[in-house]
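Shown here: my_file_0.txt, compact mmCIF, C-alpha atoms and all ligand atoms.
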# COMPACT_ATOMS: atom_id res chain seq x y z
CA MET V 2 25.81 93.25 -50.20
CA SER V 3 27.14 96.27 -48.34
CA ARG V 4 25.73 97.42 -45.04
CA PHE V 5 24.99 101.13 -45.01
CA ILE V 6 25.95 103.05 -41.89
CA HIS V 7 24.90 106.63 -41.26
CA ALA V 8 27.63 108.01 -39.03
CA ALA V 9 26.23 110.79 -36.86
CA SER V 10 29.58 111.68 -35.30
CA LEU V 11 33.27 111.27 -36.02
CA ALA V 12 33.53 108.66 -33.27
CA GLU V 13 30.80 106.60 -34.93
CA ALA V 14 32.46 106.87 -38.33
CA LEU V 15 35.87 105.83 -36.97
CA ALA V 16 34.39 102.93 -35.03
CA ALA V 17 32.66 101.68 -38.18
CA LEU V 18 35.89 101.96 -40.17
CA ALA V 19 38.11 100.40 -37.50
CA PRO V 20 37.76 96.77 -38.73
CA GLY V 21 39.12 97.95 -42.07
CA GLN V 22 36.38 96.42 -44.26
CA GLY V 23 34.42 99.59 -44.93
CA ARG V 24 34.52 102.40 -47.43
CA VAL V 25 33.86 106.04 -46.69
CA LEU V 26 30.94 107.46 -48.64
CA ALA V 27 30.85 111.25 -48.78
CA GLY V 28 28.82 112.44 -51.78
CA GLY V 29 28.94 109.07 -53.49
CA THR V 30 29.51 110.46 -56.97
CA ASP V 31 32.74 108.54 -57.57
CA LEU V 32 32.12 105.64 -55.20
CA MET V 33 28.74 104.73 -56.72
CA VAL V 34 30.37 104.45 -60.14
CA ALA V 35 33.01 102.13 -58.68
CA LEU V 36 30.37 100.04 -56.89
CA ARG V 37 28.36 99.76 -60.08
CA ALA V 38 31.42 98.52 -61.96
CA ALA V 39 32.14 96.00 -59.19
CA ARG V 40 28.58 94.69 -59.33
CA LEU V 41 28.60 94.39 -63.10
CA SER V 42 31.87 92.48 -63.08
CA GLY V 43 31.02 90.34 -60.08
CA GLY V 44 33.73 92.04 -58.04
CA ASP V 45 33.81 92.43 -54.27
CA LEU V 46 31.73 95.03 -52.51
CA PRO V 47 32.86 96.69 -49.29
CA ALA V 48 31.32 95.16 -46.17
CA GLU V 49 30.23 98.60 -44.98
CA LEU V 50 29.51 101.92 -46.60
CA VAL V 51 30.11 104.56 -43.98
CA ASP V 52 28.18 107.72 -44.85
CA VAL V 53 30.01 110.69 -43.33
CA ALA V 54 27.75 113.46 -44.66
CA ALA V 55 26.39 114.17 -41.17
CA VAL V 56 29.76 114.25 -39.36
CA PRO V 57 30.18 117.85 -38.16
CA GLU V 58 34.01 117.79 -38.28
CA LEU V 59 33.90 117.30 -42.03
CA GLN V 60 31.71 120.36 -42.53
CA GLN V 61 34.07 122.89 -40.98
CA LEU V 62 34.99 125.99 -42.92
CA GLU V 63 37.47 128.32 -41.27
CA LEU V 64 38.99 130.84 -43.65
CA GLU V 65 40.16 133.76 -41.53
CA GLY V 66 42.93 133.49 -38.99
CA PRO V 67 46.32 131.81 -39.07
CA ALA V 68 45.15 128.25 -39.78
CA PRO V 69 42.56 128.17 -42.56
CA LEU V 70 40.75 124.84 -42.89
CA VAL V 71 38.31 123.48 -45.44
CA GLY V 72 36.22 120.50 -44.30
CA ALA V 73 36.51 117.40 -46.47
CA GLY V 74 32.74 116.93 -46.57
CA LEU V 75 31.94 120.28 -48.17
CA SER V 76 30.31 119.87 -51.55
CA PHE V 77 31.58 121.62 -54.64
CA ALA V 78 28.26 123.45 -54.87
CA ARG V 79 28.88 124.85 -51.39
CA LEU V 80 32.51 125.78 -52.08
CA ALA V 81 31.56 127.44 -55.37
CA ALA V 82 28.84 129.54 -53.72
CA ASP V 83 30.38 130.36 -50.34
CA PRO V 84 31.13 134.11 -50.10
CA GLY V 85 34.15 133.52 -47.87
CA VAL V 86 35.74 131.01 -50.23
CA ARG V 87 35.05 133.28 -53.19
CA ALA V 88 36.69 136.21 -51.42
CA ARG V 89 39.73 134.48 -49.85
CA TYR V 90 40.39 131.50 -52.13
CA PRO V 91 38.69 132.37 -55.43
CA LEU V 92 40.72 129.77 -57.30
CA LEU V 93 39.17 127.08 -55.12
CA ALA V 94 35.68 128.48 -55.75
CA GLN V 95 36.39 128.56 -59.51
CA ALA V 96 37.70 125.01 -59.48
CA ALA V 97 34.63 123.88 -57.52
CA ALA V 98 32.33 125.57 -60.03
CA SER V 99 34.05 123.80 -62.91
CA VAL V 100 33.60 120.28 -61.53
CA GLY V 101 31.04 118.08 -63.27
CA SER V 102 27.51 119.39 -63.64
CA GLN V 103 25.18 121.14 -61.22
CA GLN V 104 23.85 117.73 -60.17
CA VAL V 105 27.32 116.33 -59.57
CA ARG V 106 28.45 119.44 -57.64
CA HIS V 107 25.53 119.05 -55.22
CA GLY V 108 26.80 115.63 -54.19
CA ALA V 109 30.53 115.58 -54.84
CA THR V 110 32.82 116.72 -52.03
CA ILE V 111 36.35 118.08 -51.97
CA GLY V 112 37.48 115.24 -49.70
CA GLY V 113 36.03 112.64 -52.03
CA ASN V 114 37.78 114.29 -54.97
CA VAL V 115 41.11 113.89 -53.17
CA ALA V 116 40.42 110.35 -51.93
CA ASN V 117 39.51 109.27 -55.46
CA ALA V 118 42.89 110.66 -56.59
CA SER V 119 42.13 111.15 -60.25
CA PRO V 120 45.06 112.97 -61.85
CA ALA V 121 42.50 115.17 -63.57
CA ALA V 122 40.67 116.24 -60.39
CA ASP V 123 39.98 119.97 -60.44
CA GLY V 124 39.73 120.21 -56.67
CA VAL V 125 43.11 118.58 -56.21
CA THR V 126 44.93 121.05 -58.46
CA ALA V 127 43.35 123.95 -56.59
CA LEU V 128 44.30 122.48 -53.21
CA ALA V 129 47.87 121.85 -54.41
CA ALA V 130 48.30 125.52 -55.29
CA LEU V 131 47.05 126.48 -51.83
CA GLY V 132 49.61 124.25 -50.09
CA ALA V 133 46.94 121.95 -48.68
CA VAL V 134 47.83 119.51 -45.93
CA ALA V 135 45.18 116.89 -45.29
CA VAL V 136 44.11 116.28 -41.72
CA ILE V 137 43.44 112.56 -41.44
CA ALA V 138 41.69 110.82 -38.54
CA SER V 139 41.48 107.23 -37.39
CA ALA V 140 40.54 105.63 -34.07
CA GLN V 141 44.24 106.05 -33.15
CA GLY V 142 44.18 109.82 -33.50
CA GLN V 143 44.91 112.42 -36.15
CA ARG V 144 47.80 112.97 -38.50
CA PRO V 145 48.65 115.69 -41.00
CA CYS V 146 49.62 114.59 -44.51
CA PRO V 147 50.65 116.90 -47.37
CA LEU V 148 48.57 116.43 -50.48
CA GLY V 149 51.54 115.25 -52.55
CA GLU V 150 52.15 112.41 -50.08
CA LEU V 151 48.51 111.50 -49.69
CA ILE V 152 48.06 110.96 -53.43
CA SER V 153 50.79 108.51 -54.38
CA ALA V 154 49.85 107.58 -57.95
CA PRO V 155 46.84 107.94 -60.24
CA TYR V 156 43.79 106.69 -58.32
CA GLN V 157 45.99 105.63 -55.39
CA THR V 158 46.39 107.17 -51.98
CA THR V 159 48.26 106.35 -48.82
CA LEU V 160 44.97 106.56 -46.90
CA ARG V 161 44.39 103.45 -44.80
CA PRO V 162 40.97 101.76 -44.77
CA GLN V 163 40.53 102.77 -41.10
CA GLU V 164 41.06 106.45 -41.89
CA VAL V 165 38.93 109.36 -43.00
CA ILE V 166 40.02 112.77 -44.27
CA LEU V 167 38.63 115.47 -41.98
CA GLY V 168 39.71 118.45 -44.00
CA PHE V 169 42.52 120.41 -45.55
CA ALA V 170 44.69 123.00 -43.85
CA LEU V 171 45.50 125.76 -46.35
CA ASP V 172 48.32 128.27 -46.39
CA PRO V 173 47.19 131.70 -45.24
CA LEU V 174 47.62 134.14 -48.14
CA PRO V 175 48.43 137.86 -48.25
CA ALA V 176 45.42 140.18 -48.27
CA ARG V 177 45.73 140.90 -51.98
CA THR V 178 46.28 138.13 -54.47
CA GLY V 179 45.29 137.46 -58.06
CA GLN V 180 43.94 133.92 -58.35
CA VAL V 181 42.75 132.08 -61.44
CA PHE V 182 41.77 128.47 -62.06
CA ALA V 183 41.84 127.48 -65.73
CA LYS V 184 40.68 124.28 -67.35
CA VAL V 185 40.86 122.86 -70.82
CA GLY V 186 38.31 120.12 -71.50
CA ARG V 187 36.14 118.84 -74.28
CA ARG V 188 32.63 119.50 -73.12
CA GLN V 189 31.41 122.36 -70.98
CA ALA V 190 30.10 120.20 -68.18
CA LEU V 191 31.39 116.89 -66.97
CA SER V 192 34.49 117.05 -69.06
CA VAL V 193 37.37 115.42 -67.40
CA ALA V 194 40.03 118.07 -67.59
CA ARG V 195 42.69 117.52 -70.24
CA LEU V 196 44.65 120.13 -68.46
CA ASN V 197 43.99 122.30 -65.46
CA LEU V 198 45.98 125.01 -63.84
CA ALA V 199 45.70 126.99 -60.62
CA VAL V 200 47.62 130.24 -60.26
CA CYS V 201 47.93 132.59 -57.30
CA LEU V 202 50.10 135.72 -57.52
CA ASP V 203 50.84 138.34 -54.88
CA GLU V 204 51.69 141.95 -55.70
CA ARG V 205 55.43 141.59 -55.30
CA LEU V 206 55.73 138.09 -56.71
CA GLN V 207 57.25 136.95 -53.44
CA ASP V 208 55.15 133.82 -53.16
CA PRO V 209 53.82 132.95 -56.62
CA ARG V 210 51.97 129.66 -56.78
CA LEU V 211 51.32 127.52 -59.79
CA ALA V 212 49.91 124.00 -59.82
CA LEU V 213 49.29 121.99 -62.95
CA GLY V 214 46.89 119.05 -63.07
CA SER V 215 46.01 116.28 -65.51
CA CYS V 216 49.66 116.24 -66.55
CA PHE V 217 51.46 114.38 -63.79
CA PRO V 218 50.73 111.20 -61.86
CA THR V 219 50.51 113.12 -58.58
CA PRO V 220 49.47 116.71 -57.80
CA ARG V 221 52.24 119.25 -57.72
CA ARG V 222 53.27 122.87 -57.70
CA LEU V 223 55.91 123.68 -60.25
CA ALA V 224 58.78 124.88 -58.07
CA GLN V 225 61.05 125.84 -60.97
CA VAL V 226 58.37 127.95 -62.58
CA GLU V 227 57.65 129.61 -59.25
CA ALA V 228 61.35 130.38 -58.81
CA LEU V 229 61.46 131.91 -62.26
CA LEU V 230 58.48 134.10 -61.40
CA ARG V 231 60.04 135.23 -58.12
CA ALA V 232 63.21 136.31 -59.89
CA GLY V 233 61.66 137.97 -62.92
CA ARG V 234 60.02 141.25 -63.84
CA PRO V 235 56.23 140.89 -64.24
CA GLY V 236 55.05 141.22 -67.81
CA PRO V 237 54.33 139.29 -71.00
CA GLY V 238 57.95 138.17 -71.34
CA LEU V 239 57.94 136.58 -67.91
CA TRP V 240 54.60 134.86 -68.46
CA GLN V 241 55.91 133.44 -71.75
CA ALA V 242 59.07 132.19 -70.11
CA ALA V 243 57.04 130.60 -67.34
CA GLY V 244 54.92 128.84 -69.97
CA GLU V 245 58.07 127.46 -71.62
CA GLN V 246 59.40 126.33 -68.28
CA ALA V 247 56.14 124.58 -67.35
CA ALA V 248 56.05 122.76 -70.69
CA ALA V 249 59.69 121.74 -70.29
CA HIS V 250 58.98 120.37 -66.83
CA PHE V 251 56.12 118.32 -68.25
CA THR V 252 58.32 116.75 -70.95
CA ASN V 253 61.06 116.05 -68.40
CA VAL V 254 58.74 114.24 -66.04
CA CYS V 255 56.45 112.47 -68.49
CA GLY V 256 58.61 112.04 -71.57
CA TRP V 257 57.27 112.58 -75.05
CA ARG V 258 54.20 110.42 -75.39
CA GLU V 259 51.21 110.65 -77.71
CA SER V 260 49.28 113.23 -75.74
CA ALA V 261 52.32 115.48 -75.48
CA ALA V 262 51.81 116.73 -79.03
CA TYR V 263 48.63 118.32 -77.75
CA LYS V 264 49.64 119.02 -74.19
CA VAL V 265 52.97 120.77 -74.59
CA PRO V 266 51.73 123.73 -76.63
CA ALA V 267 48.56 123.83 -74.50
CA ILE V 268 50.58 124.01 -71.29
CA ARG V 269 52.74 126.78 -72.72
CA ARG V 270 49.82 128.92 -73.80
CA VAL V 271 47.45 128.27 -70.92
CA THR V 272 50.21 128.97 -68.38
CA ALA V 273 51.18 132.29 -69.99
CA ARG V 274 47.55 133.34 -70.39
CA THR V 275 46.52 132.38 -66.87
CA LEU V 276 49.48 134.19 -65.31
CA ALA V 277 48.56 137.31 -67.31
CA GLN V 278 44.97 137.04 -66.07
CA ALA V 279 46.03 136.63 -62.45
CA TRP V 280 48.38 139.59 -62.72
CA ALA V 281 45.66 141.69 -64.33
CA LEU V 282 43.44 140.98 -61.31
CA LEU V 283 46.05 142.68 -59.17
CA GLY V 284 45.76 145.76 -61.33
CA GLY V 285 48.91 145.05 -63.31
CA GLY V 286 48.95 145.33 -67.09
CA SER V 287 49.25 142.15 -69.04
CA MET A 27 16.27 97.94 -40.88
CA ASP A 28 13.80 99.55 -43.27
CA LEU A 29 14.71 102.46 -45.46
CA CYS A 30 12.29 105.29 -44.71
CA LEU A 31 12.06 108.30 -46.97
CA THR A 32 9.48 110.62 -48.45
CA VAL A 33 8.87 110.39 -52.18
CA ASN A 34 6.67 113.02 -53.83
CA GLY A 35 5.17 113.86 -50.47
CA GLN A 36 4.38 110.22 -49.55
CA PRO A 37 6.18 108.60 -46.62
CA ILE A 38 7.59 105.29 -47.79
CA SER A 39 9.32 102.48 -46.03
CA LEU A 40 11.18 99.73 -47.85
CA ALA A 41 12.58 96.48 -46.51
CA GLU A 42 15.89 94.97 -47.52
CA VAL A 43 17.45 97.68 -49.58
CA PRO A 44 21.15 96.83 -50.05
CA GLY A 45 23.65 99.52 -49.12
CA GLU A 46 25.05 99.68 -52.63
CA ALA A 47 21.65 100.16 -54.34
CA SER A 48 21.31 103.47 -56.11
CA LEU A 49 18.38 105.78 -55.53
CA LEU A 50 17.63 105.35 -59.25
CA GLU A 51 17.24 101.57 -58.92
CA VAL A 52 14.94 101.95 -55.94
CA LEU A 53 12.76 104.59 -57.59
CA ARG A 54 12.34 102.56 -60.76
CA GLY A 55 12.63 98.99 -59.52
CA ARG A 56 10.98 99.13 -56.12
CA LEU A 57 8.57 102.05 -56.47
CA GLY A 58 7.73 101.77 -60.16
CA LEU A 59 8.41 105.45 -60.73
CA LEU A 60 9.53 105.10 -64.33
CA GLY A 61 9.67 108.82 -65.10
CA THR A 62 13.23 108.87 -63.80
CA LYS A 63 15.39 107.46 -66.59
CA GLU A 64 18.63 105.59 -66.66
CA GLY A 65 20.75 106.80 -69.55
CA CYS A 66 24.35 106.12 -68.67
CA GLY A 67 24.26 105.05 -65.03
CA VAL A 68 27.52 106.86 -64.31
CA GLY A 69 26.71 110.56 -63.99
CA GLU A 70 27.22 111.69 -67.57
CA CYS A 71 23.75 112.26 -69.00
CA GLY A 72 21.45 113.72 -66.33
CA ALA A 73 18.45 111.57 -67.37
CA CYS A 74 18.21 110.26 -63.79
CA THR A 75 18.02 113.72 -62.18
CA VAL A 76 15.74 113.97 -59.14
CA LEU A 77 15.41 116.52 -56.34
CA LEU A 78 16.74 115.56 -52.94
CA ASP A 79 15.54 118.10 -50.38
CA GLY A 80 15.00 120.43 -53.30
CA ARG A 81 18.44 120.13 -54.89
CA ALA A 82 18.97 118.40 -58.23
CA LEU A 83 21.13 115.28 -58.02
CA ASN A 84 21.97 112.36 -60.26
CA SER A 85 20.04 109.49 -58.69
CA CYS A 86 22.41 107.00 -60.34
CA LEU A 87 25.27 108.48 -58.29
CA THR A 88 23.32 108.56 -55.04
CA ALA A 89 22.92 105.58 -52.75
CA ALA A 90 19.29 104.99 -51.87
CA TRP A 91 20.23 105.10 -48.19
CA GLN A 92 21.59 108.62 -48.60
CA ALA A 93 17.96 109.65 -49.05
CA ALA A 94 16.90 108.14 -45.70
CA GLY A 95 14.71 110.59 -43.79
CA ARG A 96 14.78 113.06 -46.66
CA GLN A 97 12.42 114.33 -49.35
CA VAL A 98 12.77 113.01 -52.87
CA THR A 99 10.87 114.61 -55.74
CA THR A 100 10.66 112.90 -59.10
CA ILE A 101 8.98 114.15 -62.26
CA GLU A 102 5.81 112.37 -61.12
CA GLY A 103 5.64 114.70 -58.13
CA LEU A 104 5.83 118.00 -59.96
CA ALA A 105 2.24 118.44 -61.13
CA GLN A 106 -0.07 119.73 -58.39
CA GLY A 107 -3.82 119.07 -58.16
CA GLY A 108 -3.95 117.70 -61.70
CA HIS A 109 -2.19 120.76 -63.15
CA LEU A 110 1.13 120.53 -64.87
CA HIS A 111 3.92 122.58 -63.38
CA PRO A 112 4.69 125.66 -65.51
CA LEU A 113 7.97 124.05 -66.56
CA GLN A 114 6.13 120.99 -67.80
CA ARG A 115 3.61 123.11 -69.69
CA ALA A 116 6.34 125.25 -71.20
CA PHE A 117 8.22 122.16 -72.41
CA VAL A 118 5.06 120.83 -74.05
CA GLU A 119 4.08 124.13 -75.63
CA THR A 120 7.49 125.05 -77.04
CA GLY A 121 8.09 121.63 -78.57
CA ALA A 122 11.02 121.01 -76.25
CA VAL A 123 10.05 117.36 -76.00
CA GLN A 124 10.79 114.92 -78.80
CA CYS A 125 11.47 111.36 -77.69
CA GLY A 126 11.13 112.60 -74.11
CA PHE A 127 13.87 110.50 -72.59
CA CYS A 128 15.86 113.47 -71.34
CA THR A 129 12.82 115.56 -70.42
CA PRO A 130 12.23 114.59 -66.78
CA GLY A 131 15.88 115.24 -65.95
CA MET A 132 15.91 118.50 -67.90
CA ILE A 133 12.80 119.74 -66.11
CA LEU A 134 14.06 118.89 -62.64
CA ALA A 135 17.46 120.45 -63.33
CA ALA A 136 15.64 123.56 -64.56
CA TRP A 137 13.40 123.49 -61.47
CA ASP A 138 16.48 123.64 -59.27
CA LEU A 139 17.82 126.60 -61.25
CA LEU A 140 14.56 128.57 -61.13
CA GLN A 141 14.30 127.96 -57.43
CA ARG A 142 17.58 129.83 -56.90
CA ASN A 143 17.32 132.29 -59.75
CA ASP A 144 13.94 133.42 -61.05
CA HIS A 145 15.39 135.43 -63.94
CA PRO A 146 18.28 133.42 -65.37
CA SER A 147 20.24 134.57 -68.40
CA ASP A 148 20.61 132.17 -71.32
CA GLN A 149 24.15 131.52 -70.18
CA GLU A 150 22.92 130.59 -66.69
CA ILE A 151 20.28 128.27 -68.14
CA LYS A 152 22.89 126.57 -70.32
CA GLN A 153 25.18 126.16 -67.35
CA ALA A 154 22.46 124.69 -65.16
CA LEU A 155 21.47 122.20 -67.89
CA ALA A 156 25.01 121.41 -68.99
CA GLY A 157 24.86 118.05 -67.19
CA ASN A 158 21.78 116.96 -69.17
CA LEU A 159 22.21 115.48 -72.60
CA CYS A 160 19.50 115.54 -75.24
CA ARG A 161 20.06 113.70 -78.48
CA CYS A 162 16.91 114.93 -80.24
CA THR A 163 16.15 118.60 -79.87
CA GLY A 164 19.39 120.46 -80.35
CA TYR A 165 18.64 122.26 -77.04
CA HIS A 166 17.25 125.39 -78.69
CA ASP A 167 13.64 124.74 -77.74
CA ILE A 168 14.63 123.55 -74.28
CA LEU A 169 16.24 126.92 -73.69
CA ARG A 170 13.08 128.66 -74.89
CA ALA A 171 10.94 126.48 -72.64
CA VAL A 172 12.94 127.32 -69.54
CA ARG A 173 12.90 131.02 -70.40
CA ARG A 174 9.13 130.88 -70.84
CA ALA A 175 8.57 128.96 -67.62
CA ALA A 176 10.73 131.46 -65.74
CA ARG A 177 8.56 134.28 -67.05
CA TRP A 178 5.35 132.46 -66.12
CA LEU A 179 6.66 131.78 -62.65
CA ARG A 180 7.56 135.46 -62.18
CA GLU A 181 4.49 136.97 -63.77
CA GLY A 182 1.90 134.24 -63.43
CA ALA A 183 1.00 131.82 -66.20
CA PRO A 184 -1.63 132.96 -68.71
S1 LIG L 301 21.82 107.83 -65.68
FE1 LIG L 301 22.49 109.11 -64.11
S2 LIG L 301 23.59 110.62 -65.17
FE2 LIG L 301 23.12 109.19 -66.75
S1 LIG L 302 13.97 114.70 -76.43
FE1 LIG L 302 14.99 112.88 -77.01
S2 LIG L 302 16.75 112.99 -75.78
FE2 LIG L 302 15.90 114.89 -75.48
Would you give me this structure, written as structure tokens?
Ligand code: FES
Ligand code: FES
Amino acid sequence: MSRFIHAASLAEALAALAPGQGRVLAGGTDLMVALRAARLSGGDLPAELVDVAAVPELQQLELEGPAPLVGAGLSFARLAADPGVRARYPLLAQAAASVGSQQVRHGATIGGNVANASPAADGVTALAALGAVAVIASAQGQRPCPLGELISAPYQTTLRPQEVILGFALDPLPARTGQVFAKVGRRQALSVARLNLAVCLDERLQDPRLALGSCFPTPRRLAQVEALLRAGRPGPGLWQAAGEQAAAHFTNVCGWRESAAYKVPAIRRVTARTLAQAWALLGGGS
Amino acid sequence: MDLCLTVNGQPISLAEVPGEASLLEVLRGRLGLLGTKEGCGVGECGACTVLLDGRALNSCLTAAWQAAGRQVTTIEGLAQGGHLHPLQRAFVETGAVQCGFCTPGMILAAWDLLQRNDHPSDQEIKQALAGNLCRCTGYHDILRAVRRAARWLREGAP
């Protein structure tokens, strides 16, 4: 049986986690499924469930200024509806809106999405495109950790049991960007993405960003595709070439397995289409 | 320590609730509120939807202790003074209920939507109910029921 601890402050949460036997509970939407499976199979339960929903540090949302930060405890419902997020980081708002169902979005948090480290997590792909660096706290202090280092393999992170994610520092973006989050799944709600893509373009293609999820074991921006975009002339030809490049990167990293027959053409088309959409948002023709 | 929460307006206190117990288990097993259904137990079907401080949540994905000190509303708490809520009446009158297993969750998810948006488009209704599965009705009459309830709530029920 797990003991449930309502942490009212960060200090309380860290003290409860310090012995290393507890689990952080944010929204609970992934953790409760894991606990249910453990109970059904007679597996071990954590000694403590440390509820961090009331910890103020995890609810921060700072979007203007040189160091934007999104609190780990913000729910997807909040991120999808927040006017600031929708204006500054629309791809994050779109990703948040595409997670699960209304009921899931009310509970599920962006920090929990990262800590669960599903390769299909919509929030993770969006954060990857935005250059997110997690801010992680323990009783020993705080440390920054880039998303790609925090998530080390599918469903695995380098987070220690004594630690909690406070939030994610995002790259500041130019005033005008075209941002699109795209997802291919099987059912409108609740579908685990077969493929998701976050794109952010600036007017001069100086800092194009493209992250692809559900395709690789860990979240990533596609540096070669971004380089191609920086060097090219915006237009259908470039978007096509970027799609080819993204698909090629996928086959290089993952090899040709069963799902590739579906994924390779999907990556090609969704990449080209999403880039065209993002560019169109900047007032460019497709 | 006892778990104290308010369910359908009633303050409740429960002894010995394990940390890992879901709100769904407590509502059904400890409080006998059987209107909240368990379909899948893992967040896929929406049959266990309840309102926590007025927001629709899957009670199978919520620890009972997350509801401590908060207000839970289940389908049993929707009717007031012996009168069905307009959503409940609309579901009955449009034939949106067949076996009824999905109905409590559908109605509470729709309640949450109408709370935020009193004139939803069909697309908005479909989105709000996308986390609720129904294996009987084909959804058409559910959509009609929510549309009708929205109109009643705006204009007053006949
Ligand atoms: S029982 Fe909770 S979503 Fe199916
Ligand atoms: S009425 Fe039977 S599941 Fe919806």
Hey, could you pull the box centre and edge lengths for ligand LIG 301 (chain L), axis-aligned, 8 Å padding per side, all listed atoms, to one decimal in Å, as lines of an AutoDock Vina configuration file?
center_x = 22.7
center_y = 109.2
center_z = -65.4
size_x = 17.8
size_y = 18.8
size_z = 18.6
> How many Å separate CA of Ala94 (chain V) from CA of Ala82 (chain V)?
Replying inline: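 These atoms are spaced 7.2 Å apart.
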Residues of chain A near chain V: apply a cut-off of 8 Å, count all atoms listed in the file, and supply the list as an mmCIF file with C-alpha atoms, keeping the file's coordinate frame.
data_model
loop_
_atom_site.group_PDB
_atom_site.id
_atom_site.type_symbol
_atom_site.label_atom_id
_atom_site.label_comp_id
_atom_site.auth_asym_id
_atom_site.auth_seq_id
_atom_site.Cartn_x
_atom_site.Cartn_y
_atom_site.Cartn_z
ATOM 1 C CA PRO A 44 21.150 96.830 -50.050
ATOM 2 C CA GLY A 45 23.650 99.520 -49.120
ATOM 3 C CA GLU A 46 25.050 99.680 -52.630
ATOM 4 C CA SER A 48 21.310 103.470 -56.110
ATOM 5 C CA GLY A 67 24.260 105.050 -65.030
ATOM 6 C CA VAL A 68 27.520 106.860 -64.310
ATOM 7 C CA GLY A 69 26.710 110.560 -63.990
ATOM 8 C CA GLU A 70 27.220 111.690 -67.570
ATOM 9 C CA GLY A 72 21.450 113.720 -66.330
ATOM 10 C CA THR A 75 18.020 113.720 -62.180
ATOM 11 C CA ARG A 81 18.440 120.130 -54.890
ATOM 12 C CA ALA A 82 18.970 118.400 -58.230
ATOM 13 C CA LEU A 83 21.130 115.280 -58.020
ATOM 14 C CA ASN A 84 21.970 112.360 -60.260
ATOM 15 C CA CYS A 86 22.410 107.000 -60.340
ATOM 16 C CA LEU A 87 25.270 108.480 -58.290
ATOM 17 C CA THR A 88 23.320 108.560 -55.040
ATOM 18 C CA ALA A 89 22.920 105.580 -52.750
ATOM 19 C CA TRP A 91 20.230 105.100 -48.190
ATOM 20 C CA GLN A 92 21.590 108.620 -48.600
ATOM 21 C CA ALA A 135 17.460 120.450 -63.330
ATOM 22 C CA GLN A 153 25.180 126.160 -67.350
ATOM 23 C CA ALA A 154 22.460 124.690 -65.160
ATOM 24 C CA LEU A 155 21.470 122.200 -67.890
ATOM 25 C CA ALA A 156 25.010 121.410 -68.990
ATOM 26 C CA GLY A 157 24.860 118.050 -67.190
#
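For the residues A:Arg161, A:Phe117, A:Leu60, A:Ala47, ranking by smallest atom-to-atom distance to ligand LIG 302 (chain L) using all atoms listed in the file places A:Arg161 first.
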>> Neighbours of ligand LIG 302 (chain L) at 7 Å or closer, counting only C-alpha atoms and all ligand atoms: which residues, as a ChimeraX atom specification?
In response: /A:122-129,159-163
> In Å, with one decimal, what is the gap from CA of Ala105 (chain A) to CA of Arg56 (chain A)?
Replying inline: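 Between CA of Ala105 (chain A) and CA of Arg56 (chain A) the gap works out to 21.8 Å.
The space separating CA of Gly121 (chain A) from CA of Leu78 (chain A) comes to 27.7 Å.
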> Of the candidates A:Thr120, A:Asn158, A:Asn34, A:Gln149, which shows the shortest atom-to-atom distance to ligand LIG 301 (chain L), using only C-alpha atoms and all ligand atoms?
Replying inline: A:Asn158
> From the set V:Gly85, V:Arg79, V:Ser215, V:Leu92, which residue has the shortest atom-to-atom contact distance to Ala118 (chain V), counting only C-alpha atoms?
Replying inline: V:Ser215
> For Ala55 (chain V), which residue among V:Gln180, V:Thr158, V:Ser10, V:Ser42 is the nearest when counting only C-alpha atoms?
Replying inline: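 Among the listed residues, the smallest separation from Ala55 (chain V) belongs to V:Ser10.
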> Which polymer residues, protein or nucleic acid, are no farther than 6 Å from (60.4, 134.2, -53.7), counting only C-alpha atoms, as a ChimeraX atom specification?
Replying inline: /V:207-208,231
>> Let me make sure I understand: among A:Glu51, A:Pro184, A:Ala41, A:Ile151, which one has the smallest atom-to-atom distance to Leu169 (chain A) if we use only C-alpha atoms?
In response: A:Ile151
Which residues are close to Arg177 (chain A), i.e. within 10 Å by all atoms listed in the file, leaving aside same-chain residues fewer than 6 positions away? Reply as a short mmCIF file (atom, residue, chain, number, x, y, z; two decimals) with C-alpha atoms, in the frame of the given file.
data_model
loop_
_atom_site.label_atom_id
_atom_site.label_comp_id
_atom_site.auth_asym_id
_atom_site.auth_seq_id
_atom_site.Cartn_x
_atom_site.Cartn_y
_atom_site.Cartn_z
CA PRO A 112 4.69 125.66 -65.51
CA ASP A 144 13.94 133.42 -61.05
CA HIS A 145 15.39 135.43 -63.94
CA PRO A 146 18.28 133.42 -65.37
CA ALA A 171 10.94 126.48 -72.64
CA ALA A 183 1.00 131.82 -66.20
#
Applying 12 Å and only C-alpha atoms, which residues near Ala176 (chain V) remain after dropping the ones on its own chain fewer than 2 positions away? List them as a compact mmCIF listing (two decimals) with C-alpha atoms, in the coordinates of the input.
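Listing of around-v8.txt after writing:
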# COMPACT_ATOMS: atom_id res chain seq x y z
CA GLU V 65 40.16 133.76 -41.53
CA GLY V 66 42.93 133.49 -38.99
CA ALA V 88 36.69 136.21 -51.42
CA ARG V 89 39.73 134.48 -49.85
CA TYR V 90 40.39 131.50 -52.13
CA PRO V 173 47.19 131.70 -45.24
CA LEU V 174 47.62 134.14 -48.14
CA THR V 178 46.28 138.13 -54.47
CA GLY V 179 45.29 137.46 -58.06
CA GLN V 180 43.94 133.92 -58.35
CA LEU V 202 50.10 135.72 -57.52
CA ASP V 203 50.84 138.34 -54.88
CA GLU V 204 51.69 141.95 -55.70
CA LEU V 283 46.05 142.68 -59.17
>> Which residue is closest to ligand LIG 301 (chain L)? Choose from A:Arg173, A:Arg180, A:Arg54, A:His111 and count all atoms listed in the file.
In response: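 Among the listed residues, the smallest separation from ligand LIG 301 (chain L) belongs to A:Arg54.
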